[in-house]
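Pasting input-v8.csv here (CSV, C-alpha atoms):
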chain,number,residue,atom,x,y,z
A,1386,MET,CA,-0.6,-46.3,-19.0
A,1387,ALA,CA,-3.0,-45.1,-16.2
A,1388,ASN,CA,-0.5,-46.2,-13.6
A,1389,HIS,CA,2.2,-44.2,-15.3
A,1390,ALA,CA,0.0,-41.1,-15.3
A,1391,LYS,CA,-0.7,-41.5,-11.6
A,1392,LEU,CA,3.0,-41.8,-10.8
A,1393,SER,CA,3.7,-38.7,-12.8
A,1394,LEU,CA,1.0,-36.7,-11.1
A,1395,ASP,CA,2.1,-37.9,-7.7
A,1396,TYR,CA,5.6,-36.9,-8.5
A,1397,TYR,CA,4.5,-33.5,-9.7
A,1398,TRP,CA,2.5,-32.8,-6.5
A,1399,LYS,CA,5.1,-34.0,-4.1
A,1400,GLU,CA,8.3,-32.7,-5.9
A,1401,VAL,CA,7.3,-29.6,-7.7
A,1402,PHE,CA,5.1,-28.1,-5.0
A,1403,THR,CA,7.5,-28.8,-2.2
A,1404,LEU,CA,10.2,-27.0,-4.2
A,1405,LYS,CA,8.1,-23.8,-4.3
A,1406,ASN,CA,10.0,-21.1,-2.4
A,1407,THR,CA,7.7,-19.4,0.1
A,1408,ASP,CA,10.5,-18.2,2.4
A,1409,PRO,CA,10.3,-14.5,3.1
A,1410,VAL,CA,12.8,-12.3,1.2
A,1411,ALA,CA,13.3,-8.7,2.1
A,1412,ASN,CA,13.2,-7.4,-1.5
A,1413,THR,CA,9.8,-5.7,-1.9
A,1414,LYS,CA,9.7,-1.9,-2.3
A,1415,ILE,CA,6.7,-0.4,-0.6
A,1416,TYR,CA,5.3,3.0,-1.5
A,1417,LEU,CA,3.7,4.4,1.7
A,1418,ALA,CA,0.8,6.7,0.6
A,1419,THR,CA,-0.5,8.8,3.4
A,1420,SER,CA,-2.1,12.1,4.1
A,1421,PHE,CA,0.0,14.7,6.0
A,1422,PHE,CA,-2.5,17.4,6.7
A,1423,ASN,CA,-2.9,17.2,10.5
A,1424,GLU,CA,-1.1,15.7,13.5
A,1425,GLU,CA,-3.3,12.6,13.6
A,1426,GLN,CA,-2.4,11.7,10.0
A,1427,ARG,CA,1.3,12.5,10.6
A,1428,ALA,CA,1.4,10.3,13.7
A,1429,ARG,CA,0.3,7.3,11.7
A,1430,ILE,CA,3.5,7.3,9.6
A,1431,PRO,CA,5.9,6.1,12.3
A,1432,GLN,CA,3.4,3.5,13.4
A,1433,ALA,CA,3.1,2.1,9.9
A,1434,LEU,CA,6.9,2.3,9.3
A,1435,ALA,CA,7.6,0.4,12.5
A,1436,GLN,CA,5.4,-2.5,11.3
A,1437,LEU,CA,6.7,-2.4,7.8
A,1438,GLU,CA,10.3,-2.3,8.9
A,1439,ALA,CA,9.7,-5.4,11.1
A,1440,ASN,CA,8.2,-7.3,8.1
A,1441,PRO,CA,10.7,-9.9,6.7
A,1442,THR,CA,9.3,-9.4,3.1
A,1443,VAL,CA,9.9,-5.6,3.0
A,1444,GLY,CA,13.3,-4.3,1.6
A,1445,VAL,CA,12.6,-0.6,1.2
A,1446,VAL,CA,9.8,1.7,2.3
A,1447,HIS,CA,9.5,4.9,0.2
A,1448,GLN,CA,7.7,7.6,2.1
A,1449,PRO,CA,7.2,10.6,-0.2
A,1450,PHE,CA,7.5,13.2,2.5
A,1451,ASP,CA,11.1,12.0,3.1
A,1452,PHE,CA,12.0,13.0,-0.5
A,1453,GLN,CA,10.5,16.5,-0.8
A,1454,TYR,CA,11.8,18.7,-3.6
A,1455,LYS,CA,14.4,21.2,-2.2
A,1456,ASP,CA,13.3,20.0,1.3
A,1457,ALA,CA,10.1,22.1,1.0
A,1458,ARG,CA,7.4,21.2,3.4
A,1459,VAL,CA,4.4,23.0,4.9
A,1460,ASP,CA,6.3,23.8,8.1
A,1461,SER,CA,9.7,24.4,6.5
A,1462,ASP,CA,10.6,25.9,3.2
A,1463,PRO,CA,14.3,26.7,3.0
A,1464,ALA,CA,14.3,27.5,-0.7
A,1465,GLY,CA,11.0,29.3,-0.7
A,1466,VAL,CA,9.4,27.1,-3.4
A,1467,PHE,CA,6.6,25.3,-1.5
A,1468,GLY,CA,3.4,25.5,-3.5
A,1469,SER,CA,5.0,27.1,-6.5
A,1470,LEU,CA,4.6,25.7,-10.0
A,1471,GLU,CA,8.2,24.5,-9.9
A,1472,TRP,CA,7.5,22.6,-6.6
A,1473,GLN,CA,4.2,21.2,-7.9
A,1474,ILE,CA,5.8,19.8,-11.1
A,1475,ALA,CA,8.8,18.3,-9.3
A,1476,THR,CA,6.6,16.8,-6.5
A,1477,TYR,CA,4.3,15.2,-9.0
A,1478,ASN,CA,7.1,13.8,-11.1
A,1479,ASN,CA,9.0,12.5,-8.0
A,1480,ASP,CA,5.9,10.7,-6.8
A,1481,LEU,CA,5.2,9.3,-10.2
A,1482,ASN,CA,8.8,8.0,-10.5
A,1483,ALA,CA,8.5,6.4,-7.0
A,1484,VAL,CA,5.2,4.8,-7.9
A,1485,GLY,CA,6.8,3.3,-11.0
A,1486,THR,CA,9.8,1.9,-9.1
A,1487,SER,CA,7.7,0.5,-6.2
A,1488,ASP,CA,6.3,-3.0,-6.0
A,1489,VAL,CA,3.3,-2.5,-3.7
A,1490,CYS,CA,1.3,0.5,-2.4
A,1491,VAL,CA,0.4,0.6,1.3
A,1492,ALA,CA,-2.2,3.4,1.6
A,1493,LEU,CA,-3.1,4.8,5.0
A,1494,TYR,CA,-6.5,6.1,4.0
A,1495,ASP,CA,-8.4,8.5,6.1
A,1496,MET,CA,-12.1,7.8,5.7
A,1497,ASP,CA,-13.0,11.1,7.5
A,1498,GLN,CA,-10.8,13.4,5.4
A,1499,ILE,CA,-10.6,12.1,1.9
A,1500,ASP,CA,-7.3,13.1,0.2
A,1501,GLU,CA,-7.4,13.3,-3.6
A,1502,GLY,CA,-3.6,12.8,-3.7
A,1503,ILE,CA,-3.9,9.3,-2.2
A,1504,CYS,CA,-6.7,8.6,-4.7
A,1505,MET,CA,-4.4,9.6,-7.5
A,1506,GLU,CA,-1.5,7.4,-6.2
A,1507,ILE,CA,-3.9,4.5,-5.8
A,1508,GLY,CA,-5.1,5.1,-9.4
A,1509,MET,CA,-1.5,5.0,-10.7
A,1510,PHE,CA,-0.9,1.7,-9.0
A,1511,VAL,CA,-4.1,0.3,-10.5
A,1512,ALA,CA,-3.1,1.5,-13.9
A,1513,LEU,CA,0.3,-0.2,-13.5
A,1514,HIS,CA,-1.4,-3.4,-12.3
A,1515,LYS,CA,0.5,-3.3,-9.0
A,1516,PRO,CA,-1.1,-4.4,-5.7
A,1517,ILE,CA,-2.6,-2.0,-3.2
A,1518,VAL,CA,-2.9,-2.7,0.5
A,1519,LEU,CA,-5.3,-0.2,2.0
A,1520,LEU,CA,-5.4,0.4,5.8
A,1521,PRO,CA,-8.5,2.7,6.4
A,1522,PHE,CA,-8.7,5.0,9.4
A,1523,THR,CA,-12.1,5.8,11.0
A,1524,LYS,CA,-13.3,7.8,13.9
A,1525,LYS,CA,-16.8,6.2,14.0
A,1526,ASP,CA,-18.0,2.7,13.8
A,1527,LYS,CA,-17.2,1.2,10.4
A,1528,SER,CA,-21.0,0.8,9.7
A,1529,ALA,CA,-21.2,4.6,9.4
A,1530,TYR,CA,-18.9,4.6,6.3
A,1531,GLU,CA,-19.3,3.9,2.6
A,1532,ALA,CA,-16.5,3.3,0.1
A,1533,ASN,CA,-16.7,4.6,-3.4
A,1534,LEU,CA,-16.9,1.6,-5.9
A,1535,MET,CA,-13.9,2.9,-7.9
A,1536,LEU,CA,-11.7,2.7,-4.8
A,1537,ALA,CA,-13.4,-0.4,-3.4
A,1538,ARG,CA,-12.8,-2.4,-6.6
A,1539,GLY,CA,-9.3,-1.0,-7.3
A,1540,VAL,CA,-7.8,-2.0,-4.0
A,1541,THR,CA,-6.2,-5.5,-3.9
A,1542,THR,CA,-6.3,-6.0,-0.1
A,1543,TRP,CA,-8.4,-4.2,2.5
A,1544,LEU,CA,-7.3,-4.3,6.1
A,1545,GLU,CA,-9.5,-3.8,9.1
A,1546,PRO,CA,-9.8,-0.1,10.1
A,1547,ASN,CA,-7.2,1.5,12.5
A,1548,ASP,CA,-5.1,-1.7,12.9
A,1549,PHE,CA,-1.5,-1.4,11.9
A,1550,SER,CA,-0.5,-4.9,13.1
A,1551,PRO,CA,-1.2,-6.8,9.8
A,1552,LEU,CA,1.5,-4.8,8.1
A,1553,LYS,CA,4.1,-6.6,10.2
A,1554,ASP,CA,3.2,-10.1,8.9
A,1555,PHE,CA,1.6,-9.4,5.5
A,1556,ASN,CA,3.5,-11.3,2.8
A,1557,PHE,CA,4.5,-8.5,0.3
A,1558,ASN,CA,6.5,-11.0,-1.7
A,1559,HIS,CA,3.2,-12.8,-2.7
A,1560,PRO,CA,0.4,-10.3,-1.9
A,1561,MET,CA,-2.9,-12.2,-1.8
A,1562,ALA,CA,-6.1,-10.4,-2.5
A,1563,GLN,CA,-8.7,-9.6,0.1
A,1564,PRO,CA,-10.8,-7.4,-2.1
A,1565,PHE,CA,-13.8,-6.9,0.2
A,1566,PRO,CA,-13.8,-3.6,2.0
A,1567,PRO,CA,-15.1,-3.5,5.6
A,1568,PHE,CA,-17.6,-0.9,4.5
A,1569,LYS,CA,-20.7,-0.7,2.4
A,1570,VAL,CA,-19.8,0.1,-1.3
A,1571,PHE,CA,-21.7,2.7,-3.3
Show this structure as structure tokens.
Amino acid sequence: MANHAKLSLDYYWKEVFTLKNTDPVANTKIYLATSFFNEEQRARIPQALAQLEANPTVGVVHQPFDFQYKDARVDSDPAGVFGSLEWQIATYNNDLNAVGTSDVCVALYDMDQIDEGICMEIGMFVALHKPIVLLPFTKKDKSAYEANLMLARGVTTWLEPNDFSPLKDFNFNHPMAQPFPPFKVF
């Protein structure tokens, strides 16, 4: 009987685990959360998009600023609605819907200019039990920063500050946790 159990276990390890599909599939929808308040923050978007679009596990990247209600933006407002209650409600609901239909949040998080909007988006992903990959941006040495414990413990994977390159190779089909921020947590 013991020999039969060993054969079954050997079969299981050799056959079942070798059948596991770990090949990358471009079917993950990414929600790219980012601030858009200054040139430095806006310049991060194409850098992140270039890495994500080269990633073989990414199918779609939703960048909320590409889907603005009535094309209203800070620098262009053809319908004259930017900042109005109508625009606020539509923007909130459009972002909420995009969070709901996305698989993973990639947050470009500015440690020098905290954005409550990104914090809200991260909170929605936490509430929906969806992974969050956070790429922090810093101007000083990382030892000069602290992360709030609610953010620190809600993020699934912390990347090293200012480094876009992991976004190209990160396996978004099977996002593995790296829950330890590169900063002191308070």
Point-to-point distance in Å for atom CA of A:Glu1501 and atom CA of A:Ala1537:
15.0 Å
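For the pair atom CA of A:Ala1475 and atom CA of A:Tyr1454, the interatomic distance is 6.5 Å.
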Selection: 10 Å around A:Ala1562, only C-alpha atoms, excl. self and same-chain fewer than 4 positions, as a PDB file with C-alpha atoms, keeping the file's coordinate frame:
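And here is the file that came out, out33.pdb:
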ATOM      1  CA  PRO A1516      -1.100  -4.400  -5.700  1.00  0.00           C
ATOM      2  CA  ILE A1517      -2.600  -2.000  -3.200  1.00  0.00           C
ATOM      3  CA  VAL A1518      -2.900  -2.700   0.500  1.00  0.00           C
ATOM      4  CA  VAL A1540      -7.800  -2.000  -4.000  1.00  0.00           C
ATOM      5  CA  THR A1541      -6.200  -5.500  -3.900  1.00  0.00           C
ATOM      6  CA  THR A1542      -6.300  -6.000  -0.100  1.00  0.00           C
ATOM      7  CA  TRP A1543      -8.400  -4.200   2.500  1.00  0.00           C
TER       8      TRP A1543
END
Can you pull out the residues contacting A:Pro1567? Cut-off 10 Å, using all atoms listed in the file, and skip same-chain residues under 3 positions away; I want them as JSON, numbers by chain.
{"A": [1521, 1527, 1528, 1530, 1531, 1532, 1537, 1543, 1544, 1545, 1546, 1564, 1570]}
Nearest to A:Ser1420 among A:Ile1499, A:Val1484, A:Val1443, A:Ala1464, with distances taken over only C-alpha atoms: which residue is it?
A:Ile1499
Skipping near chain neighbours, those fewer than 4 positions away, what residues fall within 7 Å of A:Ala1411 using all atoms listed in the file, listed as a ChimeraX atom specification?
/A:1441-1444
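Nearest to A:Thr1419 of all the residues A:Phe1549, A:Phe1467, A:Phe1555, A:Tyr1494 is A:Tyr1494, counting all atoms listed in the file.
Nearest to A:His1559 of all the residues A:Lys1515, A:Tyr1416, A:Lys1525, A:Leu1534 is A:Lys1515, based on only C-alpha atoms.
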Please list as a PyMOL selection string every residue within 8 Å of A:Leu1513, counting only C-alpha atoms and excluding residues in the same chain fewer than 3 positions away.
chain A and resi 1485+1509-1510
One number please: atom CA of A:Glu1424 to atom CA of A:Gln1498, in Å, one decimal.
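Atom-to-atom, atom CA of A:Glu1424 to atom CA of A:Gln1498, that is 12.8 Å.
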Of the candidates A:Phe1568, A:Asn1558, A:Gln1563, A:Leu1481, which shows the shortest atom-to-atom distance to A:Thr1407, using all atoms listed in the file?
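So, comparing all the options, the nearest one is A:Asn1558.
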Do a neighbour search on A:Gln1426 at 12 Å with all atoms listed in the file, toss out local chain neighbours closer than 5 positions, and write the hits as a PyMOL selection string.
chain A and resi 1418-1421+1431-1433+1492-1500+1521-1523+1547
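Residue nearest A:Pro1449, chosen from A:Asp1488, A:Asp1526, A:Glu1506, A:Asp1554 and counting only C-alpha atoms: A:Glu1506.
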